[in-house]
Amino acid sequence: MPDRIQLLPENIANQIAAGEVIQRPASAVKELLENAVDAGATAIKLIVNDAGKSLIQVIDDGNGMSETDARMSFERHATSKINTIDDLFRIRTMGFRGEALASIAAVAQVELRTRREEDQLGTSIEIENSLVLRQEPVAAPVGTNISMKNVFFNVPARRNFLKSNAAEMRHIIDEFLRVSMAFPNIFFSLTANGQELFHLEKGSLKQRIVQLLGVTYNSKLVSVLENTDYLNIYGFIGKPEAAKRTRGDQYFFVNNRFIRSAYLNHAVVGAYQEMIPSDSFPFYVLFIDLDPAQIDINVHPTKQEIKFEDEKIVYAFVQAAVKHALAQFSITPTLDFDLDPSIQQLDAVSKPFTEEKRASAAGSSLYHTFSQKNQAHIIENKSELKNWRDFYEKTGDQELKNKNSPEEDPETAREGLMIKPAQRLSLIEDLEPLQIHNQFIIAATNAGFIVIHQQLAHERVLYEKFESASRGKPMVTQKSLFPTSLELAPSDSVLLEELLPELHQLGYQVETFGKNSFVIQGTPADVETGNEKLAIEQMLEQYKHFTSEMKFSKREKLLRSLAWQQAIKTGKNLAPTEMKRLLRELFACLQPNISPSGQPTYIEFKTEYLAKIFGK
Ligand code: ADP
Ligand code: MG
């Protein structure tokens, strides 16, 4: 019997590989754009006709190729980007497998023109079905101009599988968005059937996002920027009110490569908890840069999924960075950095990732990281990394389970990675706080001063108090000397009856007392209720108000209602001791800067910003 197994002819092997790499016109668009980026281009033009089915052309002004390289580039596994196995752990380029051009040449009619700066003449190559038809010197500008015609002309089954032009074009635009978003310092354009759809001048990341997604995003972006020795995170997230009911504008880039990750998406969404309805999707464009040795990008044919060496750490960092950004945005709403270009350059607003930062990220090692300086606000634990990781081993999973109600013990959480913007605010205790208009409190900090909204701040304090009481130790009750009775409408009394067990936990001793009536025996000890009867009635009103917002659980509504009801109101004059107590309690909170319903509780005015405003 003769052997049956044979080596496939190379062009067939390439078509199989093409099946992985080139699934549709958009895959070729991605590969060609990435090649142009890798070639160091500063301007990249994409031209497509018939949704890429008849033509995909990418023109760049990058390095170009020598005559030999131009020919070599179409060989399988021919790449200039890696030499040794070790290089696989140092990948900083978009491509590295040397398959794309081979795959493209296997399924289309390709023409390449390329020239390096040092060469007088460039090279032109025509290749089709993996066969070189022509190669000759040509006059050409520096850079590369590659066109791919009639994709799958030789693989009818695949060609027939292509979707409508509209659908294929959407895929192309998606890929174009992902690459151009990651490189705002490169000019990109997209022309389809002779019409220029995108013309993206170089600029900041923020400008690029707005160019790509629309000006409505301009006022909805919050900048994220956290640099640590292990990884850097930067980019923009949408303000809570910009969250949408439909998925769509969520972008993660790891070392500038767009990736999909349900896991990291979960980290971001978790950071928004209580700020957006649970069925909505926040906007984000987040760049995670870390040592390439910490990731494996070779787990997916189109490299859209990657494996992190330690994904729990990345999860924790991403969530912390987003929480921090949200917190920052809530405390500085009046300092609009867009107002003044000199301020705009200062901070917060887009900062494209620099080579320097990239180098420092690459140079760092995981094992002497977390106790370092410029991350004091993120990581407070000075103990060994191992403990820190142990902590996340434990809570990372748990947090996943409890997306909407983190159950971790606040004390434990404080020891680990926890965003505590308040920690960065150190109040100058010697200076007396000042109340103005019976509404705001002004207090000095090391870095400037803060203006606190007394009612919102107190709501936060009470909310956290109730929140921990509802989960653990009940609040202490103060027995009323004279129990008060309470008559309610039938629907309200049904409601109150439902809430009684929770109310007990929160220090309210309320008992049913016949039909539609109740008796209030006691109230939480350290909460001044004044009029218990009114308090319960108001709380019920507020509860019903929250009921119209379906997103909250019963417990959540009750906590918020009570916090709202009992909070010190605007208009109340406060004694210095009361102010100090409020400040102390506020900054002992886990989330001191946001009221339970998402408003800022205080605004920080930093002297450096103020000085800038005064031109000093
Ligand atoms: P990879 O990008 O994985 O290396 P490709 O098949 O996409 O593999 O490209 C093969 C090689 O051809 C690249 O490594 C690069 O040296 C060269 N090349 C491809 N496109 C360009 C371009 N636009 N400009 C300069 N060189 C290019
Ligand atoms: Mg490539």
# chains A, B, ... in the order shown; residues from 1 in each chain; ligands from 1
>>> closest_atom_pairs(of="chain A", to="ligand 1", cutoff="9 Å", atoms="only C-alpha atoms and all ligand atoms", output="JSON lines")
{"residue": "A:Glu31", "atom": "CA", "partner": "ligand 1", "partner_atom_place_in_ligand_line": "7 (O)", "distance": 6.1}
{"residue": "A:Leu32", "atom": "CA", "partner": "ligand 1", "partner_atom_place_in_ligand_line": "20 (N)", "distance": 6.6}
{"residue": "A:Leu33", "atom": "CA", "partner": "ligand 1", "partner_atom_place_in_ligand_line": "23 (N)", "distance": 7.7}
{"residue": "A:Glu34", "atom": "CA", "partner": "ligand 1", "partner_atom_place_in_ligand_line": "2 (O)", "distance": 7.3}
{"residue": "A:Asn35", "atom": "CA", "partner": "ligand 1", "partner_atom_place_in_ligand_line": "20 (N)", "distance": 4.4}
{"residue": "A:Ala36", "atom": "CA", "partner": "ligand 1", "partner_atom_place_in_ligand_line": "23 (N)", "distance": 4.0}
{"residue": "A:Val37", "atom": "CA", "partner": "ligand 1", "partner_atom_place_in_ligand_line": "23 (N)", "distance": 7.5}
{"residue": "A:Asp38", "atom": "CA", "partner": "ligand 1", "partner_atom_place_in_ligand_line": "22 (C)", "distance": 7.2}
{"residue": "A:Ala39", "atom": "CA", "partner": "ligand 1", "partner_atom_place_in_ligand_line": "24 (N)", "distance": 4.7}
{"residue": "A:Gly40", "atom": "CA", "partner": "ligand 1", "partner_atom_place_in_ligand_line": "24 (N)", "distance": 8.0}
{"residue": "A:Ala41", "atom": "CA", "partner": "ligand 1", "partner_atom_place_in_ligand_line": "24 (N)", "distance": 8.1}
{"residue": "A:Val58", "atom": "CA", "partner": "ligand 1", "partner_atom_place_in_ligand_line": "23 (N)", "distance": 7.9}
{"residue": "A:Ile59", "atom": "CA", "partner": "ligand 1", "partner_atom_place_in_ligand_line": "23 (N)", "distance": 7.7}
{"residue": "A:Asp60", "atom": "CA", "partner": "ligand 1", "partner_atom_place_in_ligand_line": "23 (N)", "distance": 6.4}
{"residue": "A:Asp61", "atom": "CA", "partner": "ligand 1", "partner_atom_place_in_ligand_line": "24 (N)", "distance": 8.2}
{"residue": "A:Gly62", "atom": "CA", "partner": "ligand 1", "partner_atom_place_in_ligand_line": "24 (N)", "distance": 5.8}
{"residue": "A:Asn63", "atom": "CA", "partner": "ligand 1", "partner_atom_place_in_ligand_line": "25 (C)", "distance": 5.4}
{"residue": "A:Gly64", "atom": "CA", "partner": "ligand 1", "partner_atom_place_in_ligand_line": "25 (C)", "distance": 4.2}
{"residue": "A:Met65", "atom": "CA", "partner": "ligand 1", "partner_atom_place_in_ligand_line": "25 (C)", "distance": 5.3}
{"residue": "A:Ser66", "atom": "CA", "partner": "ligand 1", "partner_atom_place_in_ligand_line": "26 (N)", "distance": 8.9}
{"residue": "A:Asp69", "atom": "CA", "partner": "ligand 1", "partner_atom_place_in_ligand_line": "16 (O)", "distance": 6.9}
{"residue": "A:Ala70", "atom": "CA", "partner": "ligand 1", "partner_atom_place_in_ligand_line": "12 (O)", "distance": 6.9}
{"residue": "A:Arg71", "atom": "CA", "partner": "ligand 1", "partner_atom_place_in_ligand_line": "12 (O)", "distance": 8.9}
{"residue": "A:Met72", "atom": "CA", "partner": "ligand 1", "partner_atom_place_in_ligand_line": "12 (O)", "distance": 7.3}
{"residue": "A:Ser73", "atom": "CA", "partner": "ligand 1", "partner_atom_place_in_ligand_line": "12 (O)", "distance": 4.1}
{"residue": "A:Phe74", "atom": "CA", "partner": "ligand 1", "partner_atom_place_in_ligand_line": "6 (O)", "distance": 6.3}
{"residue": "A:Glu75", "atom": "CA", "partner": "ligand 1", "partner_atom_place_in_ligand_line": "6 (O)", "distance": 7.6}
{"residue": "A:Arg76", "atom": "CA", "partner": "ligand 1", "partner_atom_place_in_ligand_line": "6 (O)", "distance": 7.2}
{"residue": "A:His77", "atom": "CA", "partner": "ligand 1", "partner_atom_place_in_ligand_line": "8 (O)", "distance": 7.3}
{"residue": "A:Ala78", "atom": "CA", "partner": "ligand 1", "partner_atom_place_in_ligand_line": "10 (C)", "distance": 5.7}
{"residue": "A:Thr79", "atom": "CA", "partner": "ligand 1", "partner_atom_place_in_ligand_line": "14 (O)", "distance": 3.5}
{"residue": "A:Ser80", "atom": "CA", "partner": "ligand 1", "partner_atom_place_in_ligand_line": "14 (O)", "distance": 3.9}
{"residue": "A:Lys81", "atom": "CA", "partner": "ligand 1", "partner_atom_place_in_ligand_line": "14 (O)", "distance": 5.2}
{"residue": "A:Ile82", "atom": "CA", "partner": "ligand 1", "partner_atom_place_in_ligand_line": "4 (O)", "distance": 7.7}
{"residue": "A:Thr93", "atom": "CA", "partner": "ligand 1", "partner_atom_place_in_ligand_line": "2 (O)", "distance": 8.0}
{"residue": "A:Met94", "atom": "CA", "partner": "ligand 1", "partner_atom_place_in_ligand_line": "2 (O)", "distance": 6.8}
{"residue": "A:Gly95", "atom": "CA", "partner": "ligand 1", "partner_atom_place_in_ligand_line": "2 (O)", "distance": 3.6}
{"residue": "A:Phe96", "atom": "CA", "partner": "ligand 1", "partner_atom_place_in_ligand_line": "3 (O)", "distance": 3.5}
{"residue": "A:Arg97", "atom": "CA", "partner": "ligand 1", "partner_atom_place_in_ligand_line": "3 (O)", "distance": 3.8}
{"residue": "A:Gly98", "atom": "CA", "partner": "ligand 1", "partner_atom_place_in_ligand_line": "8 (O)", "distance": 3.1}
{"residue": "A:Glu99", "atom": "CA", "partner": "ligand 1", "partner_atom_place_in_ligand_line": "6 (O)", "distance": 4.4}
{"residue": "A:Ala100", "atom": "CA", "partner": "ligand 1", "partner_atom_place_in_ligand_line": "6 (O)", "distance": 3.8}
{"residue": "A:Leu101", "atom": "CA", "partner": "ligand 1", "partner_atom_place_in_ligand_line": "6 (O)", "distance": 3.8}
{"residue": "A:Ala102", "atom": "CA", "partner": "ligand 1", "partner_atom_place_in_ligand_line": "6 (O)", "distance": 5.8}
{"residue": "A:Ser103", "atom": "CA", "partner": "ligand 1", "partner_atom_place_in_ligand_line": "6 (O)", "distance": 7.6}
{"residue": "A:Ile104", "atom": "CA", "partner": "ligand 1", "partner_atom_place_in_ligand_line": "6 (O)", "distance": 8.3}
{"residue": "A:Thr114", "atom": "CA", "partner": "ligand 1", "partner_atom_place_in_ligand_line": "24 (N)", "distance": 7.4}
{"residue": "A:Arg115", "atom": "CA", "partner": "ligand 1", "partner_atom_place_in_ligand_line": "25 (C)", "distance": 8.7}
{"residue": "A:Arg116", "atom": "CA", "partner": "ligand 1", "partner_atom_place_in_ligand_line": "25 (C)", "distance": 8.6}
{"residue": "A:Gly143", "atom": "CA", "partner": "ligand 1", "partner_atom_place_in_ligand_line": "24 (N)", "distance": 6.3}
{"residue": "A:Thr144", "atom": "CA", "partner": "ligand 1", "partner_atom_place_in_ligand_line": "23 (N)", "distance": 5.0}
{"residue": "A:Asn145", "atom": "CA", "partner": "ligand 1", "partner_atom_place_in_ligand_line": "23 (N)", "distance": 7.1}
{"residue": "A:Ile146", "atom": "CA", "partner": "ligand 1", "partner_atom_place_in_ligand_line": "23 (N)", "distance": 7.4}
>>> select_by_dssp(residues="region 158-347 of chain A", states="strand (DSSP E)", output="JSON, numbers by chain")
{"A": [187, 188, 189, 190, 191, 192, 195, 196, 197, 198, 199, 200, 221, 222, 223, 224, 225, 226, 227, 231, 232, 233, 234, 235, 236, 237, 238, 250, 251, 252, 253, 254, 257, 258, 259, 284, 285, 286, 287, 288, 289, 290, 295, 296, 307, 308]}
>>> write_last_selection(atoms="N, CA and C atoms", output="tab-separated table (two decimals), in the first residue's frame")
chain	number	residue	atom	x	y	z
A	187	PHE	N	-1.73	59.81	11.32
A	187	PHE	CA	-2.86	60.23	10.49
A	187	PHE	C	-3.48	58.99	9.83
A	188	PHE	N	-4.80	58.90	9.82
A	188	PHE	CA	-5.49	57.81	9.12
A	188	PHE	C	-6.61	58.39	8.26
A	189	SER	N	-6.82	57.75	7.12
A	189	SER	CA	-8.04	58.08	6.39
A	189	SER	C	-8.65	56.80	5.85
A	190	LEU	N	-9.94	56.83	5.65
A	190	LEU	CA	-10.64	55.69	5.06
A	190	LEU	C	-11.52	56.21	3.94
A	191	THR	N	-11.26	55.69	2.75
A	191	THR	CA	-12.05	56.09	1.58
A	191	THR	C	-12.76	54.84	1.05
A	192	ALA	N	-14.06	54.94	0.90
A	192	ALA	CA	-14.83	53.79	0.41
A	192	ALA	C	-15.55	54.21	-0.86
A	195	GLN	N	-15.34	57.78	-1.72
A	195	GLN	CA	-15.81	58.78	-0.76
A	195	GLN	C	-15.02	58.67	0.54
A	196	GLU	N	-14.46	59.79	0.98
A	196	GLU	CA	-13.66	59.74	2.21
A	196	GLU	C	-14.58	59.71	3.44
A	197	LEU	N	-14.56	58.60	4.15
A	197	LEU	CA	-15.43	58.46	5.32
A	197	LEU	C	-14.78	58.98	6.59
A	198	PHE	N	-13.48	58.76	6.70
A	198	PHE	CA	-12.76	59.25	7.88
A	198	PHE	C	-11.51	59.97	7.42
A	199	HIS	N	-11.22	61.05	8.09
A	199	HIS	CA	-10.01	61.82	7.82
A	199	HIS	C	-9.51	62.24	9.20
A	200	LEU	N	-8.58	61.48	9.73
A	200	LEU	CA	-8.23	61.65	11.14
A	200	LEU	C	-6.85	62.28	11.28
A	221	LEU	N	-16.37	62.43	28.59
A	221	LEU	CA	-15.21	61.59	28.88
A	221	LEU	C	-14.54	61.95	30.20
A	222	VAL	N	-14.14	60.93	30.89
A	222	VAL	CA	-13.37	61.11	32.11
A	222	VAL	C	-12.02	60.44	31.88
A	223	SER	N	-10.97	61.13	32.19
A	223	SER	CA	-9.68	60.52	31.87
A	223	SER	C	-9.23	59.56	32.96
A	224	VAL	N	-8.56	58.53	32.51
A	224	VAL	CA	-8.04	57.50	33.40
A	224	VAL	C	-6.53	57.50	33.23
A	225	LEU	N	-5.82	57.52	34.32
A	225	LEU	CA	-4.38	57.49	34.20
A	225	LEU	C	-3.78	56.97	35.49
A	226	GLU	N	-3.25	55.78	35.43
A	226	GLU	CA	-2.60	55.21	36.61
A	226	GLU	C	-1.31	54.55	36.15
A	227	ASN	N	-0.22	54.99	36.68
A	227	ASN	CA	1.04	54.37	36.33
A	227	ASN	C	1.59	53.61	37.53
A	231	LEU	N	2.08	47.80	35.62
A	231	LEU	CA	1.40	48.17	34.39
A	231	LEU	C	0.95	49.61	34.45
A	232	ASN	N	0.68	50.13	33.27
A	232	ASN	CA	0.12	51.47	33.17
A	232	ASN	C	-1.26	51.35	32.56
A	233	ILE	N	-2.17	52.13	33.07
A	233	ILE	CA	-3.50	52.17	32.49
A	233	ILE	C	-3.81	53.61	32.15
A	234	TYR	N	-4.27	53.84	30.95
A	234	TYR	CA	-4.68	55.19	30.62
A	234	TYR	C	-5.77	55.13	29.58
A	235	GLY	N	-6.43	56.24	29.39
A	235	GLY	CA	-7.50	56.29	28.41
A	235	GLY	C	-8.65	57.09	28.94
A	236	PHE	N	-9.85	56.76	28.46
A	236	PHE	CA	-11.03	57.50	28.87
A	236	PHE	C	-12.16	56.54	29.15
A	237	ILE	N	-12.97	56.96	30.12
A	237	ILE	CA	-14.21	56.24	30.36
A	237	ILE	C	-15.33	57.26	30.25
A	238	GLY	N	-16.53	56.76	30.03
A	238	GLY	CA	-17.67	57.66	29.93
A	238	GLY	C	-18.19	58.01	31.31
A	250	GLN	N	-16.93	49.85	23.75
A	250	GLN	CA	-16.04	49.39	24.82
A	250	GLN	C	-14.74	48.92	24.15
A	251	TYR	N	-13.67	49.55	24.51
A	251	TYR	CA	-12.41	49.21	23.86
A	251	TYR	C	-11.32	48.98	24.89
A	252	PHE	N	-10.72	47.82	24.80
A	252	PHE	CA	-9.52	47.54	25.58
A	252	PHE	C	-8.35	47.37	24.63
A	253	PHE	N	-7.24	47.98	24.97
A	253	PHE	CA	-6.04	47.77	24.20
A	253	PHE	C	-4.95	47.33	25.15
A	254	VAL	N	-4.31	46.27	24.81
A	254	VAL	CA	-3.19	45.83	25.64
A	254	VAL	C	-1.94	46.00	24.79
A	257	ARG	N	-2.81	46.81	21.35
A	257	ARG	CA	-3.53	45.84	20.54
A	257	ARG	C	-4.95	45.73	21.06
A	258	PHE	N	-5.92	45.90	20.18
A	258	PHE	CA	-7.31	45.75	20.61
A	258	PHE	C	-7.55	44.32	21.04
A	259	ILE	N	-8.16	44.16	22.20
A	259	ILE	CA	-8.51	42.80	22.63
A	259	ILE	C	-9.94	42.78	23.15
A	284	TYR	N	-15.95	52.93	27.33
A	284	TYR	CA	-14.56	53.05	27.74
A	284	TYR	C	-13.59	52.78	26.61
A	285	VAL	N	-12.48	53.48	26.67
A	285	VAL	CA	-11.35	53.23	25.78
A	285	VAL	C	-10.15	53.17	26.72
A	286	LEU	N	-9.71	51.97	27.02
A	286	LEU	CA	-8.67	51.83	28.03
A	286	LEU	C	-7.45	51.13	27.45
A	287	PHE	N	-6.32	51.72	27.72
A	287	PHE	CA	-5.06	51.14	27.27
A	287	PHE	C	-4.32	50.58	28.47
A	288	ILE	N	-3.96	49.34	28.36
A	288	ILE	CA	-3.19	48.71	29.41
A	288	ILE	C	-1.82	48.41	28.81
A	289	ASP	N	-0.81	48.96	29.42
A	289	ASP	CA	0.54	48.69	28.90
A	289	ASP	C	1.33	47.98	29.96
A	290	LEU	N	1.88	46.85	29.58
A	290	LEU	CA	2.69	46.13	30.55
A	290	LEU	C	3.78	45.36	29.82
A	295	ILE	N	2.26	38.75	29.11
A	295	ILE	CA	1.08	38.37	28.33
A	295	ILE	C	1.46	37.39	27.24
A	296	ASP	N	0.47	36.62	26.81
A	296	ASP	CA	0.67	35.73	25.68
A	296	ASP	C	-0.35	36.13	24.62
A	307	LYS	N	-3.66	36.14	26.75
A	307	LYS	CA	-3.64	35.54	28.06
A	307	LYS	C	-2.71	36.37	28.93
A	308	PHE	N	-3.21	36.73	30.09
A	308	PHE	CA	-2.35	37.46	31.02
A	308	PHE	C	-1.67	36.46	31.94
>>> closest_residue(among="A:Gln23, A:Leu496, A:Leu326, A:Lys303", to="ligand 2", atoms="only C-alpha atoms and all ligand atoms")
A:Lys303
>>> closest_residue(among="A:Gln521, A:Asn573, A:Asn593, A:Ser468", to="Pro483 (chain A)", atoms="only C-alpha atoms")
A:Gln521
>>> closest_residue(among="A:Ala28, A:Leu500, A:Pro277, A:Ala325", to="ligand 2", atoms="only C-alpha atoms and all ligand atoms")
A:Ala28
>>> residues_around(residues="region 469-472 of chain A", least_positions_apart="5", cutoff="10 Å", atoms="only C-alpha atoms", output="VMD selection string")
chain A and resid 407 409 463 to 464 502 to 507 555 to 556 559
>>> atom_distance(atom1="CA of Leu534 (chain A)", atom2="CA of Gln565 (chain A)")
9.6 Å
>>> residues_around(residues="Pro600 (chain A)", least_positions_apart="6", cutoff="12 Å", atoms="only C-alpha atoms", output="ChimeraX atom specification")
/A:275,326-334,450-460,591-594
>>> atom_distance(atom1="CA of Phe176 (chain A)", atom2="CA of Ala108 (chain A)")
20.3 Å
>>> closest_residue(among="A:Leu264, A:Ile56, A:Ile436, A:Val132", to="Asn193 (chain A)", atoms="only C-alpha atoms")
A:Ile56
>>> select_by_dssp(residues="region 126-201 of chain A", states="alpha helix (DSSP H)", output="list in words")
Pro156, Ala157, Arg158, Arg159, Asn160, Phe161, Asn165, Ala166, Ala167, Glu168, Met169, Arg170, His171, Ile172, Ile173, Asp174, Glu175, Phe176, Leu177, Arg178, Val179, Ser180, Met181 and Ala182 of chain A
>>> residues_around(residues="region 566-570 of chain A", least_positions_apart="6", cutoff="12 Å", atoms="only C-alpha atoms", output="PyMOL selection string")
chain A and resi 435-441+452-463+465-466+523-524+526-532+534-539+542+559-560+578-579+582+595-596
>>> atom_distance(atom1="CA of Leu46 (chain A)", atom2="CA of Thr216 (chain A)")
25.6 Å
>>> closest_residue(among="A:Met475, A:Thr484, A:Ala525, A:Asn298", to="Val510 (chain A)", atoms="only C-alpha atoms")
A:Thr484
>>> residues_around(residues="Val210 (chain A)", least_positions_apart="4", cutoff="12 Å", atoms="only C-alpha atoms", output="short mmCIF file (atom, residue, chain, number, x, y, z; two decimals) with all heavy atoms, in the first residue's frame")
data_model
loop_
_atom_site.label_atom_id
_atom_site.label_comp_id
_atom_site.auth_asym_id
_atom_site.auth_seq_id
_atom_site.Cartn_x
_atom_site.Cartn_y
_atom_site.Cartn_z
N LEU A 177 -11.50 51.48 13.17
CA LEU A 177 -11.64 52.20 14.44
C LEU A 177 -10.63 51.71 15.46
O LEU A 177 -9.99 52.49 16.16
CB LEU A 177 -13.04 51.96 15.03
CG LEU A 177 -14.22 52.70 14.47
CD1 LEU A 177 -15.50 52.29 15.21
CD2 LEU A 177 -14.02 54.20 14.64
N MET A 181 -7.80 54.14 16.65
CA MET A 181 -7.98 54.60 18.04
C MET A 181 -6.69 54.41 18.83
O MET A 181 -6.35 55.22 19.69
CB MET A 181 -9.10 53.77 18.69
CG MET A 181 -9.48 54.22 20.06
SD MET A 181 -11.03 55.06 20.06
CE MET A 181 -12.19 53.74 19.77
N PRO A 184 -3.36 57.54 17.95
CA PRO A 184 -3.83 58.88 17.61
C PRO A 184 -2.73 59.77 17.04
O PRO A 184 -3.03 60.80 16.45
CB PRO A 184 -4.34 59.43 18.95
CG PRO A 184 -3.74 58.57 19.99
CD PRO A 184 -3.47 57.24 19.38
N PHE A 198 -13.48 58.76 6.70
CA PHE A 198 -12.76 59.25 7.88
C PHE A 198 -11.51 59.97 7.42
O PHE A 198 -10.83 59.52 6.49
CB PHE A 198 -12.34 58.10 8.80
CG PHE A 198 -13.46 57.45 9.53
CD1 PHE A 198 -14.10 56.33 8.99
CD2 PHE A 198 -13.89 57.93 10.75
CE1 PHE A 198 -15.14 55.72 9.66
CE2 PHE A 198 -14.94 57.31 11.43
CZ PHE A 198 -15.57 56.20 10.88
N LEU A 200 -8.58 61.48 9.73
CA LEU A 200 -8.23 61.65 11.14
C LEU A 200 -6.85 62.28 11.28
O LEU A 200 -5.84 61.60 11.16
CB LEU A 200 -8.22 60.29 11.84
CG LEU A 200 -9.46 59.41 11.62
CD1 LEU A 200 -9.24 58.03 12.21
CD2 LEU A 200 -10.69 60.06 12.25
N GLU A 201 -6.86 63.58 11.54
CA GLU A 201 -5.58 64.25 11.75
C GLU A 201 -4.95 63.71 13.04
O GLU A 201 -5.63 63.26 13.95
CB GLU A 201 -5.80 65.76 11.90
CG GLU A 201 -6.34 66.45 10.65
CD GLU A 201 -5.38 66.40 9.46
OE1 GLU A 201 -4.21 66.00 9.64
OE2 GLU A 201 -5.82 66.75 8.34
N GLY A 203 -3.42 63.72 16.63
CA GLY A 203 -3.82 64.53 17.78
C GLY A 203 -3.75 63.70 19.05
O GLY A 203 -3.08 62.68 19.10
N SER A 204 -4.46 64.19 20.05
CA SER A 204 -4.48 63.46 21.31
C SER A 204 -5.47 62.31 21.22
O SER A 204 -6.29 62.25 20.30
CB SER A 204 -4.92 64.40 22.43
OG SER A 204 -6.26 64.78 22.21
N LEU A 205 -5.39 61.44 22.18
CA LEU A 205 -6.34 60.33 22.21
C LEU A 205 -7.76 60.85 22.32
O LEU A 205 -8.68 60.36 21.67
CB LEU A 205 -6.03 59.41 23.40
CG LEU A 205 -7.04 58.28 23.64
CD1 LEU A 205 -7.14 57.36 22.44
CD2 LEU A 205 -6.66 57.49 24.89
N LYS A 206 -7.94 61.88 23.12
CA LYS A 206 -9.29 62.42 23.28
C LYS A 206 -9.82 62.93 21.94
O LYS A 206 -10.95 62.66 21.56
CB LYS A 206 -9.28 63.54 24.32
CG LYS A 206 -10.67 64.04 24.64
CD LYS A 206 -10.65 65.08 25.73
CE LYS A 206 -12.06 65.40 26.21
NZ LYS A 206 -12.06 66.38 27.29
N GLY A 214 -17.71 60.74 17.53
CA GLY A 214 -18.64 61.85 17.47
C GLY A 214 -18.44 62.87 18.56
O GLY A 214 -17.99 62.53 19.66
N VAL A 215 -18.77 64.11 18.25
CA VAL A 215 -18.52 65.20 19.19
C VAL A 215 -19.32 65.08 20.47
O VAL A 215 -18.95 65.66 21.49
CB VAL A 215 -18.82 66.59 18.59
CG1 VAL A 215 -17.69 67.05 17.71
CG2 VAL A 215 -20.14 66.59 17.87
N THR A 216 -20.40 64.31 20.43
CA THR A 216 -21.18 64.20 21.66
C THR A 216 -20.34 63.61 22.79
O THR A 216 -20.63 63.80 23.95
CB THR A 216 -22.42 63.31 21.47
OG1 THR A 216 -21.99 62.09 20.90
CG2 THR A 216 -23.45 63.97 20.58
N TYR A 217 -19.27 62.91 22.41
CA TYR A 217 -18.42 62.33 23.45
C TYR A 217 -17.55 63.36 24.17
O TYR A 217 -17.04 63.08 25.24
CB TYR A 217 -17.52 61.23 22.86
CG TYR A 217 -18.24 59.93 22.76
CD1 TYR A 217 -18.94 59.58 21.62
CD2 TYR A 217 -18.27 59.07 23.85
CE1 TYR A 217 -19.64 58.39 21.55
CE2 TYR A 217 -18.97 57.88 23.80
CZ TYR A 217 -19.65 57.55 22.65
OH TYR A 217 -20.34 56.38 22.60
N ASN A 218 -17.40 64.51 23.53
CA ASN A 218 -16.49 65.51 24.07
C ASN A 218 -16.69 65.80 25.55
O ASN A 218 -15.76 65.86 26.33
CB ASN A 218 -16.63 66.80 23.25
CG ASN A 218 -15.30 67.49 23.13
OD1 ASN A 218 -14.36 67.15 23.85
ND2 ASN A 218 -15.21 68.45 22.24
N SER A 219 -17.95 65.96 25.91
CA SER A 219 -18.23 66.36 27.29
C SER A 219 -18.49 65.16 28.19
O SER A 219 -18.82 65.32 29.35
CB SER A 219 -19.44 67.28 27.31
OG SER A 219 -20.52 66.60 26.73
N LYS A 220 -18.37 63.96 27.63
CA LYS A 220 -18.75 62.79 28.42
C LYS A 220 -17.58 61.95 28.88
O LYS A 220 -17.75 60.89 29.44
CB LYS A 220 -19.68 61.89 27.58
CG LYS A 220 -21.00 62.54 27.25
CD LYS A 220 -21.85 61.58 26.46
CE LYS A 220 -23.14 62.23 25.98
NZ LYS A 220 -23.67 61.51 24.82
N LEU A 221 -16.37 62.43 28.59
CA LEU A 221 -15.21 61.59 28.88
C LEU A 221 -14.54 61.95 30.20
O LEU A 221 -14.41 63.12 30.54
CB LEU A 221 -14.19 61.74 27.75
CG LEU A 221 -14.69 61.37 26.36
CD1 LEU A 221 -13.58 61.59 25.33
CD2 LEU A 221 -15.15 59.93 26.31
N PHE A 236 -9.85 56.76 28.46
CA PHE A 236 -11.03 57.50 28.87
C PHE A 236 -12.16 56.54 29.15
O PHE A 236 -12.29 55.50 28.52
CB PHE A 236 -11.46 58.49 27.78
CG PHE A 236 -10.51 59.64 27.64
CD1 PHE A 236 -9.45 59.55 26.75
CD2 PHE A 236 -10.65 60.77 28.41
CE1 PHE A 236 -8.54 60.59 26.64
CE2 PHE A 236 -9.75 61.82 28.32
CZ PHE A 236 -8.70 61.73 27.42
N VAL A 285 -12.48 53.48 26.67
CA VAL A 285 -11.35 53.23 25.78
C VAL A 285 -10.15 53.17 26.72
O VAL A 285 -9.70 54.19 27.23
CB VAL A 285 -11.15 54.38 24.78
CG1 VAL A 285 -9.90 54.14 23.95
CG2 VAL A 285 -12.36 54.52 23.88
N SER A 350 -6.17 64.12 27.85
CA SER A 350 -5.42 63.05 27.19
C SER A 350 -3.92 63.21 27.21
O SER A 350 -3.38 64.28 26.99
CB SER A 350 -5.85 62.98 25.75
OG SER A 350 -5.26 64.04 25.06
#
